[in-house]
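Undergrad: Below you will find the structure I want to go over with you.
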Number of protein chains: 8
Amino acid sequence: MKKMSPRTRVLTGAVTLAAVGAATFGAVSATAAAPASSGKGAPAAAPAAASGKDTRQVDRLTTAAATKAAEAALNAANRAGQHVTVAVVDRDGNTVVTLRGDGAGPQSYESAERKAYTAVSWNAPTSELAKRLEQAPQLKDIPDTLFLAGAVPVTAKGGPIAAVGVAGAPSGDQDEQFARAGAATLDR
Amino acid sequence: MKKMSPRTRVLTGAVTLAAVGAATFGAVSATAAAPASSGKGAPAAAPAAASGKDTRQVDRLTTAAATKAAEAALNAANRAGQHVTVAVVDRDGNTVVTLRGDGAGPQSYESAERKAYTAVSWNAPTSELAKRLEQAPQLKDIPDTLFLAGAVPVTAKGGPIAAVGVAGAPSGDQDEQFARAGAATLDR
Amino acid sequence: MKKMSPRTRVLTGAVTLAAVGAATFGAVSATAAAPASSGKGAPAAAPAAASGKDTRQVDRLTTAAATKAAEAALNAANRAGQHVTVAVVDRDGNTVVTLRGDGAGPQSYESAERKAYTAVSWNAPTSELAKRLEQAPQLKDIPDTLFLAGAVPVTAKGGPIAAVGVAGAPSGDQDEQFARAGAATLDR
Amino acid sequence: MKKMSPRTRVLTGAVTLAAVGAATFGAVSATAAAPASSGKGAPAAAPAAASGKDTRQVDRLTTAAATKAAEAALNAANRAGQHVTVAVVDRDGNTVVTLRGDGAGPQSYESAERKAYTAVSWNAPTSELAKRLEQAPQLKDIPDTLFLAGAVPVTAKGGPIAAVGVAGAPSGDQDEQFARAGAATLDR
Amino acid sequence: MKKMSPRTRVLTGAVTLAAVGAATFGAVSATAAAPASSGKGAPAAAPAAASGKDTRQVDRLTTAAATKAAEAALNAANRAGQHVTVAVVDRDGNTVVTLRGDGAGPQSYESAERKAYTAVSWNAPTSELAKRLEQAPQLKDIPDTLFLAGAVPVTAKGGPIAAVGVAGAPSGDQDEQFARAGAATLDR
Amino acid sequence: MKKMSPRTRVLTGAVTLAAVGAATFGAVSATAAAPASSGKGAPAAAPAAASGKDTRQVDRLTTAAATKAAEAALNAANRAGQHVTVAVVDRDGNTVVTLRGDGAGPQSYESAERKAYTAVSWNAPTSELAKRLEQAPQLKDIPDTLFLAGAVPVTAKGGPIAAVGVAGAPSGDQDEQFARAGAATLDR
Amino acid sequence: MKKMSPRTRVLTGAVTLAAVGAATFGAVSATAAAPASSGKGAPAAAPAAASGKDTRQVDRLTTAAATKAAEAALNAANRAGQHVTVAVVDRDGNTVVTLRGDGAGPQSYESAERKAYTAVSWNAPTSELAKRLEQAPQLKDIPDTLFLAGAVPVTAKGGPIAAVGVAGAPSGDQDEQFARAGAATLDR
Amino acid sequence: MKKMSPRTRVLTGAVTLAAVGAATFGAVSATAAAPASSGKGAPAAAPAAASGKDTRQVDRLTTAAATKAAEAALNAANRAGQHVTVAVVDRDGNTVVTLRGDGAGPQSYESAERKAYTAVSWNAPTSELAKRLEQAPQLKDIPDTLFLAGAVPVTAKGGPIAAVGVAGAPSGDQDEQFARAGAATLDR
């Protein structure tokens, strides 16, 4: 992809800002992605463009793929008659997709997210990670983690890029089967 | 549906508990839904069953329908070249589905949830609700709300049962068009 | 109940909004339930009405019933000379009723809520659930739970719809007796 | 009431502790109120008993009275066809009673608590307090406050001892009428 | 003390409000305690005055006494060459006095508060309460508690009204000696 | 003061650790300040000692001085018949002393802390800082700040080292007078 | 880079796990990145490997580059005699580098992070974004944002990948100059 | 250094404020360090200047030194092929520097901060402190602590003034080696 010059970007930004300025009260979004000109002449106000030597590339699961995995996990649970929540998180632990299944208990939502967070952090299923607590029980005191079976990591090029977490079945092993069914949709 | 007697339920619970007891370490789920026997003889330990006069029925959007609406909203945004997050919440403000679109900014996730929370709380699009702040600016100090255009309620029998919230487009009006496109899938 | 047409709803909303607009400063509520018109013509701005195939029905304890149960639990504690807090939560873990008894310690308030949250999540008395920690001690790391005796679930059609939680007596078993006394008022 | 000697208290505590020691696993309460012996001989381990010159007396609304007020407020709302939450807080802002009415929106729960907190903090109805923001708009940045009409204080001997807060009606003035109806039950 | 009539109170409030109205921008306090008139005629807007049958009286440690106890605890620590924080909380767990001693570690501040909160909740020294975890380890999962030696309750008429908590010495037993030295100033 | 050699420190630590090891269950403090040996031979495990060129010196108010200032502020309020909370924070915004006066409202505690935090952050009385909001209203969105009159900074060598904050009087100007009376005790 | 087969990864994981199992108590890290075998035979337990069609690539600033930019911003402030904190966040708003300068006020730390978060969310300097509040003042209610001058985005291929935020100088414009000086180190 | 007189400081403040007043909208910083005049004549509004007897001096690691240590720790991890986050905190537990290494897991950021917080609180490596949990397991319930190997304290004149924490390697012992390598840069 061709890299835009700073000047080009600034002009684009100015146009966008004008559009924004014309919006009616209350309608300006919280999320405009376009750069804005400084209004004082241009290059000084342009965002800095990082050169290639200052960047690295990371793989991310697409939202479409994460949704496909989450739906497959939920379907697996439904077929087994279980009421669960499914969460897919990215490498940084941010939630990408959540699906709270019909009738899933209130505790399942944050449980699914935390299981997935835990799996992606250590790149292992939470059923495995729970065993590590025998060696180092304080691992479970790390914020936002949950060392209960039910989540599996998703990898690319050997490193973790996401995880699928499930909570709500009578056993964590069952939860993890559903999570695995979801992740399996990516493995093809 | 036939209502189980307390005794029947207790027996079911006992079976489930046995299964749980046999599980390997770390595998017991956080989410078993079955009742458990008290182990001291049964009826006293059974959960209380509420009679009909003590209950009321409320409508909930199914997870399948919420997913359908969220995907439609995200597709509408993608077609418009916008990077957004979509959230669907139920009448109690709990998140049912979230989809963080590819490239959506970090602020869009909680923005989408809060817009949807706000729309379902007052049963109106957030573009409308933002106008009410002229009368009562303190409304926006209520926790978990966000008075920015981008969310629309979903109703059943005249009352709000859910809301679809979107954040990430350059204007809130655009966000709300995507939310509306999502909600429209339910209107048939 | 007859379902209003979208148009009817919009008109109602318009009237409500007008009323709101006439309110004096500071008086507009945080909680108006009526839909609002978009002010640009109507149907596009109407909330989406979900069709029957997109909804499911769930049972909820009425507030009157929850209050009756909470008061019965508190009375049972008072008769036993104990100072407790009572909480009733719904299926989603939201608090419906709390009664902080005279002289109850500060820790009892959130304890009662968390016990009830735990009981409704797994549909079992917390005295039972505490035993499950022998198998899976990490269950207690799930946010908002408390695995101490003192709460019992309330069911309808075999599933949990609420829970009564009590905290403040010298033993959790006593707390749970009071909770049970409260739930028993629903069992008739 | 006769003041127990430290020694007497210690003996009582010892008995209680024995009872606790005999309890089955998981059954010890989070809330035992009795003092415990130090096990090293007694007086040194006794809790310190404050003398009269080190204490002052404050009035508190009884839980029974707070419940009566909350129910009256909720009934007033129900008669008006409004879905609201009612909260009663004490002089220190702690919640004593909450009643989430059938169909009340999710935002009403914390709104009612915060309105009541605000009213008891400044000993004035929140409809009055909202006007003070014209002079000092930063008042609303104080944590846990909400400057929206809907709450009234309850006094004893001229000072605030509690407040009743309501949220959920289309206007805050209506909310405050219901709160006033609740508080009025105490004024006799 | 003579109880003011509602009307008297309203007039007082009106005067206060006038004073407030005259204040310069930014100067209105967050904490005015006087009632305010409704401006619509008076009695309807008066705060409700609770009658005697709706109130109970509770003992509170005066701030002067709490300060005396905290200073005595800190002095005892200083004499022993220890760097500690001291906290005094009331029956509801609210902090009344904190003194962070010179050189006390960052963890000591919240530790002292939580120890005191724990001691007042169960009316026992935290050295005693720590032993109860053998019976019911989940007690320590109750929010805001800390089951480490270092705090002692203060009683009046046999019930807990406050607690003194200390943290920062090499052993919790030492912390508790300092706390006891502080509480002892009240026992005369 | 003579700087201990790493080896000396390690030996000291070893002794302390032994003492800790001998402590009875539950009695080990959360706050031991002595270094501990690594148990594997010594120098490698010693804490690193920063050399002079890697450190700078900062002034801190002593706890005794902070207490003196807080008591003077509270006394000034009491003499004026006002019920307030006083907080003293250090240059980093950490609370050093708090005194919640008899009868002070619940909102006064965190208000006093935040006012003091704000004053020490910008080294100006909050009555001054409130005026800056006319230029930059978003300043008040910075976490933990409160732009209401009532706090004054304390300086040493021209820079801020602490602040005294007061909340609870009918006007912020009065609060600030009390804060100033407290700070004045340091100015001699 | 060659993609490992699932089986290869599992074997690697098994080796790692053995190493972990041999670690002494307390030494197991919170952060092991290697996958672990399920211990039940292998392929089922392997993490799912996402195929190329399910992933997308995103640019990230390297930590080295972020550190270089942060140090340059801090140096610019030091040269101007200002005490500031510098924060660099990535596209998802996660903090990559923070440098709290000598003598920077306590409010500067979170201010710098939030300014950077805001700049990367909307891909514009916060001095520009602050102006958008005239159109949509509710933007500033989005969690974790701060609409004060002082942060600039960093882009790659036209999209935001990071931001540099500064807080602590007497004016936000000065803060933003320092941020720009930091970002400029990337622009070569 | 010569101590400025209060009057001098006030004049300086007045100049600064004028500069601020001239700034364009949105440009006033959140972080101006200069005192401001009261605008009512001067001395009364001057910040109180603490005399020497009311202050004590504490050593702080310079930001330059903390950065040097953090970079050395990160380099050591990189040389070992590990992906970690490094945090340096001061004596009060405030973060001074953080460096999130390329590819470090999401859990490593807060883990590194908490390990460092723990090490500075008790002036010992966290590998040592983890062993103390055998005696007093409740230590780990103190907020913001993490008892996992990976952090070492930095001392001056025998007392802790900072700590370096690392998280992300497969074992905590490795993390602690990297932390030690960072701290060692200060020991010269």
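Ordered as shown in the structure tokens, chains take letters A, B, and onward, while each chain numbers its residues from 1 and ligands are numbered from 1 in the order shown.
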Can you check which residues of chain G have any atom within 6 Å of chain B? Use only C-alpha atoms and format it as a PDB file with N, CA, C and O atoms, in the first residue's frame.
TA:
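Output file out39.pdb is given in full below:
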```pdb
ATOM      1  N   ASP G  92      -4.561   0.362  20.314  1.00  0.00           N
ATOM      2  CA  ASP G  92      -5.664  -0.098  21.150  1.00  0.00           C
ATOM      3  C   ASP G  92      -5.749   0.646  22.469  1.00  0.00           C
ATOM      4  O   ASP G  92      -6.540   0.296  23.339  1.00  0.00           O
ATOM      5  N   GLY G  93      -4.906   1.688  22.594  1.00  0.00           N
ATOM      6  CA  GLY G  93      -4.979   2.499  23.798  1.00  0.00           C
ATOM      7  C   GLY G  93      -4.180   1.950  24.968  1.00  0.00           C
ATOM      8  O   GLY G  93      -4.186   2.542  26.049  1.00  0.00           O
ATOM      9  N   SER G 121      -7.367   7.537  19.502  1.00  0.00           N
ATOM     10  CA  SER G 121      -8.737   7.107  19.208  1.00  0.00           C
ATOM     11  C   SER G 121      -9.305   7.841  18.004  1.00  0.00           C
ATOM     12  O   SER G 121      -9.977   7.255  17.169  1.00  0.00           O
TER      13      SER G 121
END
```
Undergrad: Output as a PyMOL selection string all residues of range 28-175 of chain F that backbone DSSP marks as helix (DSSP H, G or I).
TA: chain F and resi 43-45+52-54+63-79+107-122+126-132+137-141+172-175
Undergrad: Near Ser127 in chain H, within 9 Å and counting only C-alpha atoms, which residues show up once chain neighbours fewer than 2 positions away are dropped, as a PyMOL selection string?
TA: (chain F and resi 38) or (chain G and resi 26-27) or (chain H and resi 124-125+129-131+147-152+172-173+176)
Undergrad: For CA of Thr62 in chain G and CA of Lys157 in chain A, determine how far apart the two atoms are, in Å to one decimal place.
TA: 18.9 Å
Undergrad: Kindly give the distance, in Å, that separates CA of Arg100 in chain F and CA of Tyr109 in chain G, rounded to a single decimal.
TA: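 Interatomic distance here is 28.6 Å.
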